[in-house]
Structure formats: structure tokens, C-alpha cells
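Trainee: Structure: start.cif, mmCIF, C-alpha atoms.
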data_run
loop_
_atom_site.label_atom_id
_atom_site.label_comp_id
_atom_site.auth_asym_id
_atom_site.auth_seq_id
_atom_site.Cartn_x
_atom_site.Cartn_y
_atom_site.Cartn_z
CA MET N 191 -6.19 -71.81 -0.08
CA ARG N 192 -3.42 -72.96 2.27
CA ASN N 193 -3.49 -76.52 3.63
CA ASP N 194 -3.23 -77.36 7.35
CA ALA N 195 0.55 -77.85 7.21
CA HIS N 196 1.01 -74.37 5.78
CA ASP N 197 -1.38 -72.93 8.36
CA GLU N 198 0.77 -74.35 11.14
CA LEU N 199 3.91 -72.84 9.64
CA TYR N 200 2.24 -69.43 9.47
CA THR N 201 1.04 -69.58 13.07
CA THR N 202 4.43 -70.75 14.38
CA GLY N 203 6.26 -68.04 12.45
CA GLN N 204 8.29 -70.41 10.27
CA LEU N 205 6.80 -68.73 7.19
CA ASP N 206 6.10 -65.03 6.83
CA ALA N 207 2.43 -64.15 6.45
CA PRO N 208 1.57 -62.58 3.11
CA ALA N 209 1.75 -58.80 3.19
CA LYS N 210 -1.58 -57.02 3.41
CA ILE N 211 -2.36 -55.14 0.22
CA ARG N 212 -3.15 -51.50 0.92
CA GLN N 213 -6.24 -50.21 -0.83
CA TRP N 214 -7.61 -46.83 -1.86
CA ARG N 215 -10.65 -45.14 -0.36
CA VAL N 216 -12.38 -43.06 -3.05
CA ALA N 217 -15.05 -40.36 -3.13
CA SER N 218 -15.98 -38.57 -6.35
CA ALA N 219 -18.71 -36.36 -7.77
CA SER N 220 -19.61 -34.40 -10.90
CA VAL N 221 -22.17 -31.61 -10.51
CA ARG N 222 -23.79 -29.18 -12.90
CA GLY N 223 -22.58 -25.59 -12.77
CA THR N 224 -24.99 -22.77 -12.03
CA SER N 225 -24.50 -21.31 -15.52
CA HIS N 226 -25.70 -24.58 -17.05
CA GLU N 227 -28.59 -24.80 -14.61
CA LYS N 228 -29.87 -21.41 -15.76
CA VAL N 229 -30.08 -22.51 -19.41
CA GLY N 230 -31.17 -26.09 -18.73
CA GLN N 231 -27.94 -27.62 -20.00
CA LEU N 232 -26.66 -30.91 -18.63
CA CYS N 233 -23.41 -31.22 -16.72
CA GLN N 234 -20.68 -31.75 -19.31
CA ASP N 235 -18.19 -33.33 -16.90
CA ALA N 236 -17.72 -37.04 -16.31
CA HIS N 237 -15.47 -39.26 -14.24
CA HIS N 238 -14.77 -42.96 -13.86
CA TRP N 239 -12.55 -45.03 -11.60
CA GLU N 240 -11.78 -48.63 -10.73
CA LYS N 241 -9.93 -50.24 -7.83
CA LEU N 242 -8.04 -53.41 -8.70
CA PRO N 243 -7.54 -56.21 -6.12
CA THR N 244 -3.80 -55.65 -6.38
CA GLY N 245 -4.05 -52.23 -4.71
CA VAL N 246 -4.03 -50.20 -7.94
CA LEU N 247 -6.39 -47.27 -8.46
CA VAL N 248 -7.17 -46.13 -12.01
CA ALA N 249 -9.05 -42.82 -12.26
CA ALA N 250 -10.16 -40.47 -15.02
CA VAL N 251 -11.79 -37.04 -15.12
CA ALA N 252 -13.14 -35.58 -18.36
CA ASP N 253 -14.68 -32.21 -19.18
CA GLY N 254 -16.79 -32.05 -22.33
CA ALA N 255 -16.50 -28.80 -24.26
CA GLY N 256 -19.39 -26.46 -23.55
CA SER N 257 -19.47 -25.50 -27.23
CA ALA N 258 -19.73 -29.13 -28.36
CA ALA N 259 -23.23 -30.48 -29.01
CA LEU N 260 -22.39 -33.84 -27.40
CA GLY N 261 -19.57 -32.86 -25.07
CA LYS N 262 -21.14 -34.85 -22.22
CA VAL N 263 -21.17 -38.00 -24.36
CA GLY N 264 -17.53 -37.48 -25.33
CA ALA N 265 -16.55 -37.05 -21.68
CA ILE N 266 -18.33 -40.24 -20.60
CA VAL N 267 -16.91 -42.32 -23.44
CA ALA N 268 -13.37 -40.98 -22.95
CA ALA N 269 -13.28 -41.51 -19.18
CA GLN N 270 -14.73 -45.01 -19.24
CA THR N 271 -12.66 -46.21 -22.19
CA ALA N 272 -9.39 -44.90 -20.76
CA VAL N 273 -9.92 -46.56 -17.37
CA GLU N 274 -11.03 -49.86 -18.90
CA THR N 275 -8.02 -49.89 -21.23
CA ILE N 276 -5.61 -49.51 -18.32
CA CYS N 277 -7.45 -52.01 -16.13
CA ALA N 278 -7.14 -54.58 -18.93
CA GLU N 279 -3.41 -54.65 -18.13
CA GLY N 280 -4.37 -56.25 -14.79
CA SER N 281 -1.53 -57.59 -12.70
CA ARG N 282 0.99 -56.52 -15.35
CA LEU N 283 0.71 -52.97 -14.00
CA HIS N 284 2.84 -53.98 -11.01
CA LEU N 285 5.62 -55.08 -13.38
CA VAL N 286 5.94 -51.63 -14.93
CA ASP N 287 8.91 -49.95 -13.28
CA ASP N 288 10.20 -47.42 -15.80
CA GLU N 289 8.98 -44.18 -17.34
CA GLN N 290 8.88 -45.69 -20.82
CA GLY N 291 6.49 -48.40 -19.63
CA TRP N 292 4.10 -45.91 -18.06
CA GLN N 293 4.39 -43.68 -21.11
CA ARG N 294 3.23 -46.61 -23.24
CA ILE N 295 0.33 -47.58 -20.97
CA LEU N 296 -1.06 -44.08 -20.50
CA THR N 297 -0.65 -42.93 -24.09
CA GLN N 298 -2.28 -46.14 -25.32
CA ALA N 299 -5.20 -45.42 -23.00
CA LEU N 300 -5.48 -41.89 -24.39
CA ALA N 301 -5.35 -43.24 -27.94
CA ALA N 302 -8.05 -45.81 -27.16
CA ALA N 303 -10.23 -43.10 -25.65
CA LYS N 304 -9.74 -40.86 -28.69
CA THR N 305 -10.64 -43.71 -31.05
CA ALA N 306 -13.74 -44.52 -28.99
CA VAL N 307 -14.89 -40.89 -29.02
CA GLU N 308 -14.41 -40.69 -32.80
CA ALA N 309 -16.31 -43.95 -33.25
CA GLU N 310 -19.16 -42.67 -31.08
CA ALA N 311 -19.27 -39.48 -33.15
CA ALA N 312 -19.62 -41.56 -36.32
CA VAL N 313 -22.47 -43.55 -34.78
CA CYS N 314 -24.20 -40.29 -33.83
CA GLY N 315 -23.66 -38.85 -37.29
CA LYS N 316 -21.55 -36.01 -35.89
CA GLN N 317 -18.08 -34.62 -36.43
CA ALA N 318 -15.63 -35.65 -33.72
CA ARG N 319 -15.35 -32.03 -32.55
CA GLU N 320 -19.00 -32.23 -31.42
CA LEU N 321 -17.84 -34.72 -28.77
CA ALA N 322 -14.75 -32.72 -27.77
CA THR N 323 -13.52 -33.34 -24.24
CA THR N 324 -10.49 -32.98 -22.01
CA LEU N 325 -9.13 -36.01 -20.16
CA ILE N 326 -6.95 -36.56 -17.09
CA LEU N 327 -5.73 -40.04 -16.14
CA ALA N 328 -4.04 -41.20 -12.96
CA VAL N 329 -2.81 -44.68 -12.02
CA ALA N 330 -1.82 -45.06 -8.37
CA THR N 331 -0.19 -47.89 -6.47
CA PRO N 332 1.09 -47.73 -2.88
CA GLU N 333 4.55 -47.03 -4.33
CA LEU N 334 3.95 -44.56 -7.17
CA VAL N 335 1.52 -42.47 -9.18
CA ALA N 336 1.60 -42.09 -12.97
CA ALA N 337 -0.52 -39.37 -14.56
CA VAL N 338 -1.18 -37.76 -17.92
CA GLN N 339 -3.44 -34.97 -19.11
CA VAL N 340 -5.03 -33.60 -22.27
CA GLY N 341 -6.52 -30.16 -21.75
CA ASP N 342 -7.15 -28.27 -18.51
CA GLY N 343 -7.98 -29.32 -14.96
CA LEU N 344 -5.30 -30.88 -12.75
CA ALA N 345 -4.21 -33.97 -10.83
CA VAL N 346 -2.44 -33.45 -7.50
CA ALA N 347 -1.11 -35.65 -4.71
CA SER N 348 0.21 -35.39 -1.18
CA ASP N 349 2.95 -37.45 0.47
CA ARG N 350 3.23 -38.74 4.03
CA ASP N 351 4.82 -35.43 5.12
CA GLY N 352 1.79 -33.46 3.96
CA GLN N 353 3.50 -31.92 0.95
CA ILE N 354 0.97 -31.28 -1.84
CA PHE N 355 2.22 -31.17 -5.43
CA ALA N 356 0.91 -31.24 -8.99
CA LEU N 357 1.07 -34.49 -10.96
CA THR N 358 0.07 -32.93 -14.28
CA ALA N 359 0.06 -29.61 -16.08
CA ALA N 360 -2.73 -28.20 -18.22
CA GLN N 361 -2.37 -28.30 -22.00
CA LYS N 362 -3.27 -25.06 -23.70
CA GLY N 363 -4.39 -24.36 -27.25
CA GLU N 364 -3.01 -21.89 -29.73
CA TYR N 365 -4.79 -18.89 -28.22
CA ILE N 366 -5.16 -17.49 -24.69
CA ASN N 367 -7.82 -19.31 -22.65
CA GLU N 368 -8.10 -21.99 -25.35
CA THR N 369 -7.60 -25.54 -24.17
CA THR N 370 -6.59 -28.69 -26.01
CA PHE N 371 -9.18 -31.43 -26.48
CA LEU N 372 -8.70 -35.15 -26.93
CA VAL N 373 -9.86 -34.96 -30.56
CA SER N 374 -7.67 -31.93 -31.34
CA PRO N 375 -4.98 -32.42 -34.01
CA GLN N 376 -1.67 -33.52 -32.47
CA ALA N 377 -3.29 -33.66 -29.01
CA LEU N 378 -1.54 -36.93 -28.16
CA GLU N 379 1.82 -35.95 -29.62
CA THR N 380 2.54 -33.34 -26.95
CA VAL N 381 1.31 -35.05 -23.76
CA GLN N 382 3.72 -35.54 -20.89
CA VAL N 383 3.48 -38.57 -18.62
CA ASN N 384 4.64 -37.85 -15.08
CA VAL N 385 5.68 -40.66 -12.74
CA TRP N 386 6.09 -39.83 -9.05
CA ARG N 387 7.67 -42.45 -6.80
CA GLY N 388 7.15 -42.52 -3.07
CA THR N 389 4.44 -43.09 -0.50
CA THR N 390 1.45 -41.11 -1.73
CA THR N 391 -1.25 -40.68 0.89
CA ASN N 392 -3.82 -38.65 -1.05
CA ILE N 393 -4.78 -37.91 -4.64
CA ALA N 394 -7.15 -35.33 -6.10
CA VAL N 395 -8.20 -35.00 -9.73
CA PHE N 396 -10.50 -32.18 -10.79
CA SER N 397 -11.91 -30.41 -13.81
CA ASP N 398 -11.12 -26.81 -14.69
CA GLY N 399 -14.21 -25.46 -12.95
CA LEU N 400 -12.29 -25.69 -9.67
CA GLN N 401 -9.02 -24.20 -10.87
CA MET N 402 -9.73 -20.70 -9.58
CA LEU N 403 -10.22 -22.15 -6.08
CA ALA N 404 -7.68 -24.99 -6.07
CA VAL N 405 -4.67 -23.57 -7.92
CA ASN N 406 -2.33 -20.68 -7.16
CA MET N 407 -2.76 -18.65 -10.33
CA GLY N 408 0.71 -17.17 -10.11
CA ASP N 409 2.69 -20.38 -10.49
CA GLY N 410 0.03 -23.04 -11.10
CA SER N 411 0.83 -24.92 -7.88
CA PRO N 412 -1.92 -26.56 -5.77
CA TYR N 413 -3.49 -24.26 -3.17
CA LYS N 414 -2.87 -26.12 0.09
CA PRO N 415 -5.70 -24.49 2.13
CA PHE N 416 -8.17 -25.90 -0.42
CA PHE N 417 -6.88 -29.48 -0.35
CA SER N 418 -5.86 -29.99 3.28
CA PRO N 419 -9.44 -30.02 4.67
CA LEU N 420 -10.54 -32.33 1.86
CA PHE N 421 -7.76 -34.81 2.60
CA GLN N 422 -8.62 -34.63 6.31
CA PHE N 423 -12.23 -35.38 5.39
CA MET N 424 -11.13 -38.44 3.39
CA ALA N 425 -9.08 -39.71 6.33
CA GLY N 426 -12.27 -40.09 8.35
CA VAL N 427 -14.46 -41.62 5.64
CA GLU N 428 -15.97 -45.01 6.42
CA ASP N 429 -18.76 -45.17 3.84
CA GLU N 430 -17.75 -44.24 0.28
CA SER N 431 -21.37 -43.79 -0.88
CA GLU N 432 -22.07 -41.35 1.94
CA ALA N 433 -18.80 -39.54 1.25
CA LYS N 434 -19.82 -39.13 -2.40
CA GLU N 435 -23.06 -37.42 -1.35
CA GLN N 436 -21.19 -35.15 1.04
CA LEU N 437 -18.68 -34.25 -1.67
CA ALA N 438 -21.46 -33.41 -4.12
CA ALA N 439 -23.11 -31.22 -1.48
CA PHE N 440 -19.80 -29.43 -0.93
CA LEU N 441 -19.46 -28.72 -4.66
CA ARG N 442 -23.00 -27.29 -4.72
CA SER N 443 -22.48 -25.16 -1.61
CA PRO N 444 -22.43 -21.34 -1.81
CA ARG N 445 -18.76 -21.24 -0.79
CA ILE N 446 -18.03 -22.92 -4.16
CA THR N 447 -20.80 -21.65 -6.44
CA GLU N 448 -20.23 -18.04 -5.46
CA ARG N 449 -16.75 -18.30 -6.99
CA THR N 450 -17.40 -20.46 -10.04
CA ASP N 451 -20.44 -21.16 -12.23
CA ASP N 452 -18.85 -23.94 -14.28
CA ASP N 453 -19.51 -27.67 -14.07
CA LEU N 454 -17.42 -29.25 -11.33
CA THR N 455 -15.80 -32.64 -10.90
CA LEU N 456 -13.65 -33.66 -7.97
CA LEU N 457 -12.24 -37.13 -7.34
CA LEU N 458 -10.47 -37.77 -4.03
CA ALA N 459 -8.56 -40.88 -3.01
CA THR N 460 -6.76 -41.80 0.21
CA LEU N 461 -4.48 -44.78 0.73
CA VAL N 462 -5.80 -46.83 3.61
CA SER N 463 -3.36 -48.61 5.95
#
Here is a file; write its structure as C-alpha cells.
Mentor:
Amino acid sequence: MRNDAHDELYTTGQLDAPAKIRQWRVASASVRGTSHEKVGQLCQDAHHWEKLPTGVLVAAVADGAGSAALGKVGAIVAAQTAVETICAEGSRLHLVDDEQGWQRILTQALAAAKTAVEAEAAVCGKQARELATTLILAVATPELVAAVQVGDGLAVASDRDGQIFALTAAQKGEYINETTFLVSPQALETVQVNVWRGTTTNIAVFSDGLQMLAVNMGDGSPYKPFFSPLFQFMAGVEDESEAKEQLAAFLRSPRITERTDDDLTLLLATLVS
């Protein structure tokens, strides 16, 4: 707390007032796909995010394998562990200014998530593959976004000029339509950390259930007509809890479910002035 002498200096302009920290407005939802509803299976997706007081957003989206007995558990454990691992860095995140530093932070978070999933499998008396899950991580400050991905889905961003671009690229398995999971052999040895520097205004992270709607299948680029209305929606959000309900309703709407029957997760974030 400033004393009276400092207060006078601030009001008279002899000292600059501390800069206001810009924060992120977030809305996110995971909903069960219609194919899982028909057979009574739970949604296998999960997501987790935290906003730090320093203006840093840490977000994760995970998609448990449909063939895995406890894919939902793996997704929850992976997403929560990864975010908590990064948040433990606290204010040190603002000191990271090179690709090597972000490579270390994000790969350590992936490794911690993998270890946690394997430990949970042991507790459950299962093989790790029964908790198989993908995982996408994004760390955003007002000046940059760092992202990494294991498996499918995508993280995208838009800048102040409205340009929308991919932050990550899906990892594929050995065969066509096979994805890489966090517990897959060598999964962490091939990941690519991407660091984008600039003024990011919006971020979207989503599971593979939305890829057919959100990605140009020819070149894998984000489909702008899908994201632009969503980013406009986020610009007008005042209540994050209400926005979450609206987002979940959108994911359950016929315009989405008529084109995909998979579980769906979408996390949206907008940088607030």
C-alpha cells in the first residue's frame, strides 16, 4: 500500500501510475457427443484453465481415447496436472523470453501430466493405455502465446488485425486416422512448442470433435467463418458463467450435432483492455 506522500506524487504526476494489467475473459465447455449419448457413455473430454494475477492465462484441453476404459479419468488428470504445473512457476513466467525457456516449461508440464496419468492408472489397477488421452496446452500473456500439443485437436489465435492462425499442429500416429496419446511411446520426444509474439486478442482451443467444422481440411488452417462469430460473442461477454452456459448450448445445437457426433470441447479467451 502506498503512503500519503506517494499518493500525492501519483496525483500530481511526478510519478507514473502503475500500468493496469490486462486480463483474459474466458468461456469454456465440454459436452457429450450424440454417439456417446446413444450408448450411455460419459463425455471423454476435459478442460482446465487458470488466470494468474499477473495477466497470464494457462489453459488445457484433453480428449480421452474412446477405446480406453478410463479415458475420461486420464483427460481430467492430464489437463489439471499440466495447468497446475505451469501455474506453479508463478511470476517467473514473465521472465521467460526465449523459445528454449518455453520449451522447458511446456515439456515439463507434459511430462508431469504423463507421470500423473501413469500414477493414476497404477492406483486404478489399470495399464496406462486405459487412461489414454490427448493434451493441448496454451500459455498466454498480453505479449505472447506459447502452445504445445500431443494428439489431435487444435489451438488457434487471432491478432488485433483479425488474422486467425494456428498455434499448434495435430500429432498423428503410425497409421491413417490414428492419433498420438500422452502415454504413447516417444509421445513427448516429437512435440513442437510454438511461441507467437505480438498482441493476441483471442484464443480458441478445441478437441478433435470440432475439427471438421473449425479447420480447412485442405491445408489444416483455421476456418475463419467458424471462429469470427465466436470471437465477436466473447467481445460482448460480461458474465463468464453465463457465457459458459451459452457456449455449451451452442455445442449441443443442431447446427453442430448434425455435423459431428463426437464429444466436444471448446475453450475461448479474449484479452480485455
Trainee: Determine the residue membership of the PyMOL selection byres ((chain N and resi 238) around 10) for the file above and supply it as a PyMOL selection string.
Mentor: chain N and resi 218-219+236-237+239-240+248-252+265-274+327+457
Trainee: Find the spatial neighbours of region 358-360 of chain N, counting all atoms listed in the file, within a cut-off of 6 Å - ignore same-chain residues fewer than 4 positions away - and output them as a list in words.
Mentor: Gly341, Asp342, Leu344 and Ala345 of chain N
Trainee: Ranking N:Ile393, N:Ala337, N:Leu283, N:Ala255 by minimum distance to Thr324 (chain N) and counting only C-alpha atoms, which one comes first?
Mentor: N:Ala255
Trainee: I want to know what sits within 6 Å of region 285-298 of chain N, based on all atoms listed in the file, with residues of the same chain fewer than 3 positions away left out; could you give that as a VMD selection string?
Mentor: chain N and resid 282 301 383
Trainee: Considering all atoms listed in the file, can you say which of N:Ala330, N:Val229, N:Leu247, N:Val462 comes closest to Arg387 (chain N)?
Mentor: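 When distances to Arg387 (chain N) are compared using all atoms listed in the file, the smallest one comes from N:Ala330.
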Trainee: Determine the nearest neighbour of Leu403 (chain N) from the options N:Arg445, N:Arg222, N:Lys262, N:Arg215, counting all atoms listed in the file.
Mentor: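 Under the stated criterion, the closest residue is N:Arg445.
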Trainee: Evaluate the PyMOL selection byres ((chain N and resi 224) around 9) and record the selected residues as a VMD selection string, following the chain and residue labels used in the document.
Mentor: chain N and resid 222 to 223 225 to 229 442 447 450 to 453
Trainee: Starting from the displayed file, determine the output of the PyMOL selection byres ((chain N and resi 243) around 12) and express the residue list as a PyMOL selection string.
Mentor: chain N and resi 210-214+240-242+244-248+277+280-281+283-284+331
Trainee: Find the distance between CA of Leu372 (chain N) and CA of Gln234 (chain N) and write it in Å to one decimal.
Mentor: 14.6 Å
Trainee: As a VMD selection string, please: the residues near Val307 (chain N) (cut-off 8 Å, only C-alpha atoms, same-chain neighbours under 3 positions excluded).
Mentor: chain N and resid 264 267 to 268 303 to 304 310 to 311 318 321 373
Trainee: Using all atoms listed in the file, which of N:Ala425, N:Val338, N:Leu232, N:Leu400 sits nearest Glu448 (chain N)?
Mentor: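 Answer, going by the shortest atom-to-atom distance: N:Leu400.
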Trainee: Please list as a PyMOL selection string every residue within 8 Å of Ser348 (chain N), counting all atoms listed in the file and excluding residues in the same chain fewer than 3 positions away.
Mentor: chain N and resi 351-355+390-393
Trainee: My list of candidates is N:Glu333, N:Leu458, N:Pro444, N:Gln436. Which is closest to Ser418 (chain N) when distances are computed with all atoms listed in the file?
Mentor: N:Leu458
Trainee: Measuring atom to atom with all atoms listed in the file, identify which of N:Cys233, N:Glu368, N:Gly261, N:Ala217 is nearest to Ala459 (chain N).
Mentor: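 Under the stated criterion, the closest residue is N:Ala217.
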Trainee: Rounded to one decimal in Å, what is the spacing between CA of Gly256 (chain N) and CA of Lys316 (chain N)?
Mentor: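 That distance, rounded to one decimal, is 15.8 Å.
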Trainee: Would you work out the distance separating CA of Glu308 (chain N) from CA of Val346 (chain N), expressed in Å to one decimal?
Mentor: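 These atoms are spaced 28.9 Å apart.
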Trainee: Take every atom of region 440-459 of chain N listed in the file, fit an axis-aligned box around them, add 6 Å per side, and give the centre and edge lengths in Å to one decimal as AutoDock Vina command-line options.
Mentor:
--center_x -15.8 --center_y -29.5 --center_z -7.5 --size_x 26.4 --size_y 34.8 --size_z 25.5
Trainee: What would region 259-273 of chain N look like with N, CA, C and O atoms in place, written as an mmCIF file, in the frame of the given file?
Mentor:
data_model
loop_
_atom_site.group_PDB
_atom_site.id
_atom_site.type_symbol
_atom_site.label_atom_id
_atom_site.label_comp_id
_atom_site.auth_asym_id
_atom_site.auth_seq_id
_atom_site.Cartn_x
_atom_site.Cartn_y
_atom_site.Cartn_z
ATOM 1 N N ALA N 259 -21.836 -30.035 -29.138
ATOM 2 C CA ALA N 259 -23.230 -30.480 -29.010
ATOM 3 C C ALA N 259 -23.354 -31.710 -28.119
ATOM 4 O O ALA N 259 -24.318 -31.847 -27.374
ATOM 5 N N LEU N 260 -22.356 -32.605 -28.171
ATOM 6 C CA LEU N 260 -22.390 -33.840 -27.400
ATOM 7 C C LEU N 260 -21.138 -33.961 -26.523
ATOM 8 O O LEU N 260 -20.557 -35.034 -26.389
ATOM 9 N N GLY N 261 -20.758 -32.848 -25.920
ATOM 10 C CA GLY N 261 -19.570 -32.860 -25.070
ATOM 11 C C GLY N 261 -19.710 -33.816 -23.901
ATOM 12 O O GLY N 261 -18.753 -34.481 -23.512
ATOM 13 N N LYS N 262 -20.899 -33.922 -23.332
ATOM 14 C CA LYS N 262 -21.140 -34.850 -22.220
ATOM 15 C C LYS N 262 -20.893 -36.289 -22.661
ATOM 16 O O LYS N 262 -20.265 -37.068 -21.942
ATOM 17 N N VAL N 263 -21.364 -36.642 -23.848
ATOM 18 C CA VAL N 263 -21.170 -38.000 -24.360
ATOM 19 C C VAL N 263 -19.684 -38.276 -24.561
ATOM 20 O O VAL N 263 -19.175 -39.333 -24.180
ATOM 21 N N GLY N 264 -18.974 -37.315 -25.135
ATOM 22 C CA GLY N 264 -17.530 -37.480 -25.330
ATOM 23 C C GLY N 264 -16.802 -37.688 -24.023
ATOM 24 O O GLY N 264 -15.905 -38.525 -23.926
ATOM 25 N N ALA N 265 -17.200 -36.933 -22.983
ATOM 26 C CA ALA N 265 -16.550 -37.050 -21.680
ATOM 27 C C ALA N 265 -16.779 -38.428 -21.071
ATOM 28 O O ALA N 265 -15.850 -39.054 -20.542
ATOM 29 N N ILE N 266 -18.017 -38.924 -21.149
ATOM 30 C CA ILE N 266 -18.330 -40.240 -20.600
ATOM 31 C C ILE N 266 -17.557 -41.332 -21.322
ATOM 32 O O ILE N 266 -16.933 -42.203 -20.697
ATOM 33 N N VAL N 267 -17.590 -41.292 -22.642
ATOM 34 C CA VAL N 267 -16.910 -42.320 -23.440
ATOM 35 C C VAL N 267 -15.403 -42.298 -23.181
ATOM 36 O O VAL N 267 -14.773 -43.344 -23.008
ATOM 37 N N ALA N 268 -14.822 -41.098 -23.148
ATOM 38 C CA ALA N 268 -13.370 -40.980 -22.950
ATOM 39 C C ALA N 268 -12.951 -41.505 -21.586
ATOM 40 O O ALA N 268 -11.988 -42.277 -21.473
ATOM 41 N N ALA N 269 -13.657 -41.101 -20.533
ATOM 42 C CA ALA N 269 -13.280 -41.510 -19.180
ATOM 43 C C ALA N 269 -13.409 -43.019 -18.994
ATOM 44 O O ALA N 269 -12.493 -43.684 -18.471
ATOM 45 N N GLN N 270 -14.513 -43.579 -19.427
ATOM 46 C CA GLN N 270 -14.730 -45.010 -19.240
ATOM 47 C C GLN N 270 -13.758 -45.840 -20.073
ATOM 48 O O GLN N 270 -13.197 -46.832 -19.585
ATOM 49 N N THR N 271 -13.552 -45.443 -21.315
ATOM 50 C CA THR N 271 -12.660 -46.210 -22.190
ATOM 51 C C THR N 271 -11.227 -46.184 -21.667
ATOM 52 O O THR N 271 -10.533 -47.215 -21.657
ATOM 53 N N ALA N 272 -10.764 -45.018 -21.233
ATOM 54 C CA ALA N 272 -9.390 -44.900 -20.760
ATOM 55 C C ALA N 272 -9.148 -45.787 -19.540
ATOM 56 O O ALA N 272 -8.145 -46.508 -19.457
ATOM 57 N N VAL N 273 -10.076 -45.748 -18.575
ATOM 58 C CA VAL N 273 -9.920 -46.560 -17.370
ATOM 59 C C VAL N 273 -9.972 -48.047 -17.700
ATOM 60 O O VAL N 273 -9.149 -48.840 -17.216
#
